[in-house]
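Chemist: One structure, as structure tokens, below. Some questions next.
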Amino acid sequence: MDKIVINGGSRLTGKVKISAAKNSVLPIIAASLLCPCECVLDDIPFLDDVYVICSVLNSLGASIKIDEKMDQITIKGHNINSTEPPYDLVRKMRASFLVMGPILSRFGRIKISLPGGCNIGTRPIDLHLKGFAALGADIILGHGYVEAICKKLKGANIYLDFPSVGATENIMTAAVLADGETVIENAAEEPEIVDLANFLNNMGANITGAGTDKIKIEGVTELKGTRHQVIPDRIEAGTYMVAAAITGGNVTVENVIPEHVRPIIAKLQETGVQVYEEQNRVRVVSNARFKSVDIKTMPYPGFPTDMQAQFMALMSIARGTSIITETVFENRFMHVTELKRMGANIKIDGRSAVVEGVEGLTGAKVKATDLRAGAALVLGGLMAEGKTEIYDVHHIDRGYVDMVGKLKNIGADIERISE
Ligand SMILES: CC(=O)N[C@H]1[C@@H](OP(=O)(O)OP(=O)(O)OC[C@H]2O[C@@H](n3ccc(=O)[nH]c3=O)[C@H](O)[C@@H]2O)O[C@H](CO)[C@@H](O)[C@@H]1O
Ligand SMILES: C=C(OP(=O)(O)O)C(=O)O
């Protein structure tokens, strides 16, 4: 088991390059199952989750070539011989469920274990299943599995009760090979949805409206292979922007699409931190004196839930009181207990956390309970007085490429230690 050890107090300066987006690459790898031809994906972030989704595809018979030197993955779905992804892989990662749309639409059936809840909430899949049912699939639930069967999916109008990212992606990938037109209303508008739609359109799909709340998919009879470069990870970028802010640093975050991090830029500016936007990068300059702001997580283009924990670390040492409201996941405050160990003053009141800024945090032994909770503890450790030891860092490996190396390069006193 590895741990991360940080001696806090270093001011971060320099440049950090952002990797491609986890939340884009996972659905895109899953969507490669839609055709028998070769799909080449460039600039792959080699995260634990990426290896898991590749193993899922592999278990179904897809051929996967991973080239870590070239940051490239080549997928060929010509030999698919199973429509039942194994339980042991699916339970490792919720995003495994994203193979459901492609497999169902191409092979007319899939049996997959229910993904279940995780540390941040119960995370049901009812919206995914309603979508598949509207497209004409029979859904059978039992013994912890969901089975979907259809002859040929048929286009339909689907209204999502909530703009779920995963449901929008799964319905989109199911609908591209369906007969006729599908319209998804109240669709998720996240940049990762647009990236997936661009990938699918390059394969020959006919999707319009991605990035708005109404997506139209005109079914096509077949798709072809393609080559695709995944968009930069806006959450990784936001995390390094907060790292610069919290340490009173001056950091240029490179390989960013500024429009994708606009809600993060706006909130940082509201705290008094300076943020300069350039074409593909964002510079964050902070004098470590910032004021509290209130935050409410919302679907894109609102403030991202995946940045809530990191902002809570920042607000822990801001001047004043901040109210942080989590509207997307019902249980995404696991980091509060750990930040409190470091001296933060936070009270949870239902779906809100009231954060009274303190003068500073103090190093402590803490554990990452989920991916972004782990990132928040790293951020806390960067500014805390003394030594912070973070355990259960496998959560962090799900979503950050070489976080320790990248932070070290911009001046952090941080090590990863194998125990
Ligand atoms: C791999 C990936 O891209 N993960 C992201 C994706 O997760 P994911 O796609 O799982 O998130 P969703 O947008 O689906 O979930 C948002 C909310 O909708 C609820 N819901 C969802 C589906 C459903 O069928 N029924 C239902 O009630 C969820 O429980 C949650 O409360 O979007 C989240 C919200 O931006 C991000 O935090 C995750 O990082
Ligand atoms: C919640 C997250 O991811 P996932 O949906 O893969 O659990 C995240 O990236 O913060």
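The chains in the structure tokens are called A, B, ... from first to last as shown; in each chain the residues are counted from 1, and the ligands are counted from 1 in the order shown.
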As a PyMOL selection string, please: every protein or nucleic acid residue near ligand 2 (cut-off 7 Å, counting only C-alpha atoms and all ligand atoms).
Modeler: chain A and resi 23+93-95+306+371-372+399
Chemist: If you count only C-alpha atoms, which residues fall within 10 Å of Lys76 of chain A, apart from same-chain ones fewer than 4 positions away, as JSON, numbers by chain?
Modeler: {"A": [32, 33, 34, 35, 36, 37, 38, 39, 40, 57, 58, 61, 62, 63, 64, 65, 80, 225]}
Chemist: Taking only C-alpha atoms and all ligand atoms into account, list the residues no farther than 6 Å from ligand 1, as a count of residues only.
Modeler: 18
Chemist: DSSP says strand (DSSP E) for which residues of segment 293-349 of chain A? Put them as an mmCIF file with N, CA and C atoms, in the first residue's frame?
Modeler:
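Written output follows (states.cif):
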data_model
loop_
_atom_site.group_PDB
_atom_site.id
_atom_site.type_symbol
_atom_site.label_atom_id
_atom_site.label_comp_id
_atom_site.auth_asym_id
_atom_site.auth_seq_id
_atom_site.Cartn_x
_atom_site.Cartn_y
_atom_site.Cartn_z
ATOM 1 N N ILE A 295 -20.445 28.057 -2.596
ATOM 2 C CA ILE A 295 -20.371 27.204 -3.794
ATOM 3 C C ILE A 295 -21.557 26.256 -3.804
ATOM 4 N N LYS A 296 -22.124 26.105 -4.999
ATOM 5 C CA LYS A 296 -23.217 25.137 -5.153
ATOM 6 C C LYS A 296 -22.902 24.293 -6.381
ATOM 7 N N THR A 321 -16.662 32.830 6.151
ATOM 8 C CA THR A 321 -17.430 31.572 6.190
ATOM 9 C C THR A 321 -17.941 31.251 4.791
ATOM 10 N N SER A 322 -17.803 30.003 4.426
ATOM 11 C CA SER A 322 -18.265 29.585 3.096
ATOM 12 C C SER A 322 -19.332 28.502 3.264
ATOM 13 N N ILE A 323 -20.374 28.606 2.463
ATOM 14 C CA ILE A 323 -21.376 27.524 2.478
ATOM 15 C C ILE A 323 -21.249 26.763 1.163
ATOM 16 N N ILE A 324 -20.945 25.492 1.292
ATOM 17 C CA ILE A 324 -20.730 24.659 0.105
ATOM 18 C C ILE A 324 -21.892 23.668 0.016
ATOM 19 N N THR A 325 -22.658 23.782 -1.046
ATOM 20 C CA THR A 325 -23.842 22.932 -1.193
ATOM 21 C C THR A 325 -23.620 21.937 -2.328
ATOM 22 N N ASN A 345 -12.329 23.796 10.139
ATOM 23 C CA ASN A 345 -13.532 23.969 10.950
ATOM 24 C C ASN A 345 -14.746 23.881 10.025
ATOM 25 N N ILE A 346 -15.317 22.671 9.941
ATOM 26 C CA ILE A 346 -16.401 22.436 8.976
ATOM 27 C C ILE A 346 -17.541 21.708 9.676
ATOM 28 N N LYS A 347 -18.763 22.180 9.410
ATOM 29 C CA LYS A 347 -19.939 21.471 9.949
ATOM 30 C C LYS A 347 -20.827 21.101 8.768
ATOM 31 N N ILE A 348 -21.371 19.900 8.832
ATOM 32 C CA ILE A 348 -22.275 19.499 7.749
ATOM 33 C C ILE A 348 -23.701 19.720 8.210
ATOM 34 N N ASP A 349 -24.474 20.340 7.313
ATOM 35 C CA ASP A 349 -25.880 20.578 7.616
ATOM 36 C C ASP A 349 -26.673 20.123 6.390
#
Chemist: To one decimal in Å, tell me the separation between atom CA of Leu223 of chain A and atom CA of Thr168 of chain A.
Modeler: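 Answer for the atom CA of Leu223 of chain A to atom CA of Thr168 of chain A separation: 19.5 Å.
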Chemist: Between A:Lys406, A:Arg281, A:Arg398, A:Lys224, which has the minimum distance to Ile53 of chain A (counting only C-alpha atoms)?
Modeler: A:Arg398
Chemist: Using only C-alpha atoms, determine which residues lie at most 7 Å from segment 230-242 of chain A, disregarding the query and same-chain residues fewer than 4 positions distant; provide the list as a PyMOL selection string.
Modeler: chain A and resi 18-22+24-25+42-43+195+246+253+255-256+260-261+264+284+306-307+310+400
Chemist: Between A:Ile29, A:Val273, A:Val5, A:Ala376, which residue has the minimum interatomic distance to Pro102 of chain A, considering only C-alpha atoms?
Modeler: A:Ile29
Chemist: Would you mind writing down, as a PyMOL selection string, each residue of segment 357-403 of chain A that DSSP on the backbone assigns to helix (DSSP H, G or I)?
Modeler: chain A and resi 371-383+394-397+403
Chemist: Write the selection just made, keeping N, CA and C atoms, as a compact mmCIF listing (two decimals), in the first residue's frame?
Modeler:
# COMPACT_ATOMS: atom_id res chain seq x y z
N LEU A 371 -11.75 9.54 -4.90
CA LEU A 371 -10.78 10.23 -5.76
C LEU A 371 -10.59 11.71 -5.42
N ARG A 372 -11.68 12.48 -5.42
CA ARG A 372 -11.52 13.93 -5.21
C ARG A 372 -11.29 14.27 -3.74
N ALA A 373 -11.77 13.40 -2.84
CA ALA A 373 -11.46 13.58 -1.43
C ALA A 373 -9.95 13.49 -1.26
N GLY A 374 -9.34 12.53 -1.96
CA GLY A 374 -7.89 12.36 -1.91
C GLY A 374 -7.18 13.61 -2.43
N ALA A 375 -7.69 14.16 -3.53
CA ALA A 375 -7.07 15.37 -4.10
C ALA A 375 -7.16 16.52 -3.10
N ALA A 376 -8.30 16.63 -2.41
CA ALA A 376 -8.48 17.71 -1.44
C ALA A 376 -7.46 17.59 -0.31
N LEU A 377 -7.16 16.36 0.09
CA LEU A 377 -6.21 16.17 1.19
C LEU A 377 -4.79 16.52 0.74
N VAL A 378 -4.48 16.21 -0.51
CA VAL A 378 -3.18 16.62 -1.04
C VAL A 378 -3.09 18.15 -1.01
N LEU A 379 -4.15 18.81 -1.43
CA LEU A 379 -4.15 20.28 -1.44
C LEU A 379 -3.99 20.83 -0.03
N GLY A 380 -4.72 20.23 0.91
CA GLY A 380 -4.59 20.65 2.31
C GLY A 380 -3.15 20.45 2.79
N GLY A 381 -2.58 19.29 2.45
CA GLY A 381 -1.22 18.97 2.88
C GLY A 381 -0.19 19.94 2.31
N LEU A 382 -0.44 20.45 1.09
CA LEU A 382 0.53 21.35 0.46
C LEU A 382 0.70 22.64 1.25
N MET A 383 -0.38 23.08 1.91
CA MET A 383 -0.26 24.35 2.64
C MET A 383 -0.16 24.15 4.16
N HIS A 394 -4.70 4.77 -3.74
CA HIS A 394 -5.19 4.16 -4.98
C HIS A 394 -6.39 4.92 -5.52
N HIS A 395 -7.13 5.57 -4.63
CA HIS A 395 -8.26 6.38 -5.10
C HIS A 395 -7.76 7.51 -6.01
N ILE A 396 -6.64 8.12 -5.61
CA ILE A 396 -6.08 9.24 -6.38
C ILE A 396 -5.58 8.74 -7.74
N ASP A 397 -5.04 7.52 -7.77
CA ASP A 397 -4.52 6.96 -9.02
C ASP A 397 -5.61 6.75 -10.07
N MET A 403 0.44 12.48 -10.04
CA MET A 403 0.19 13.72 -9.29
C MET A 403 1.42 14.15 -8.49
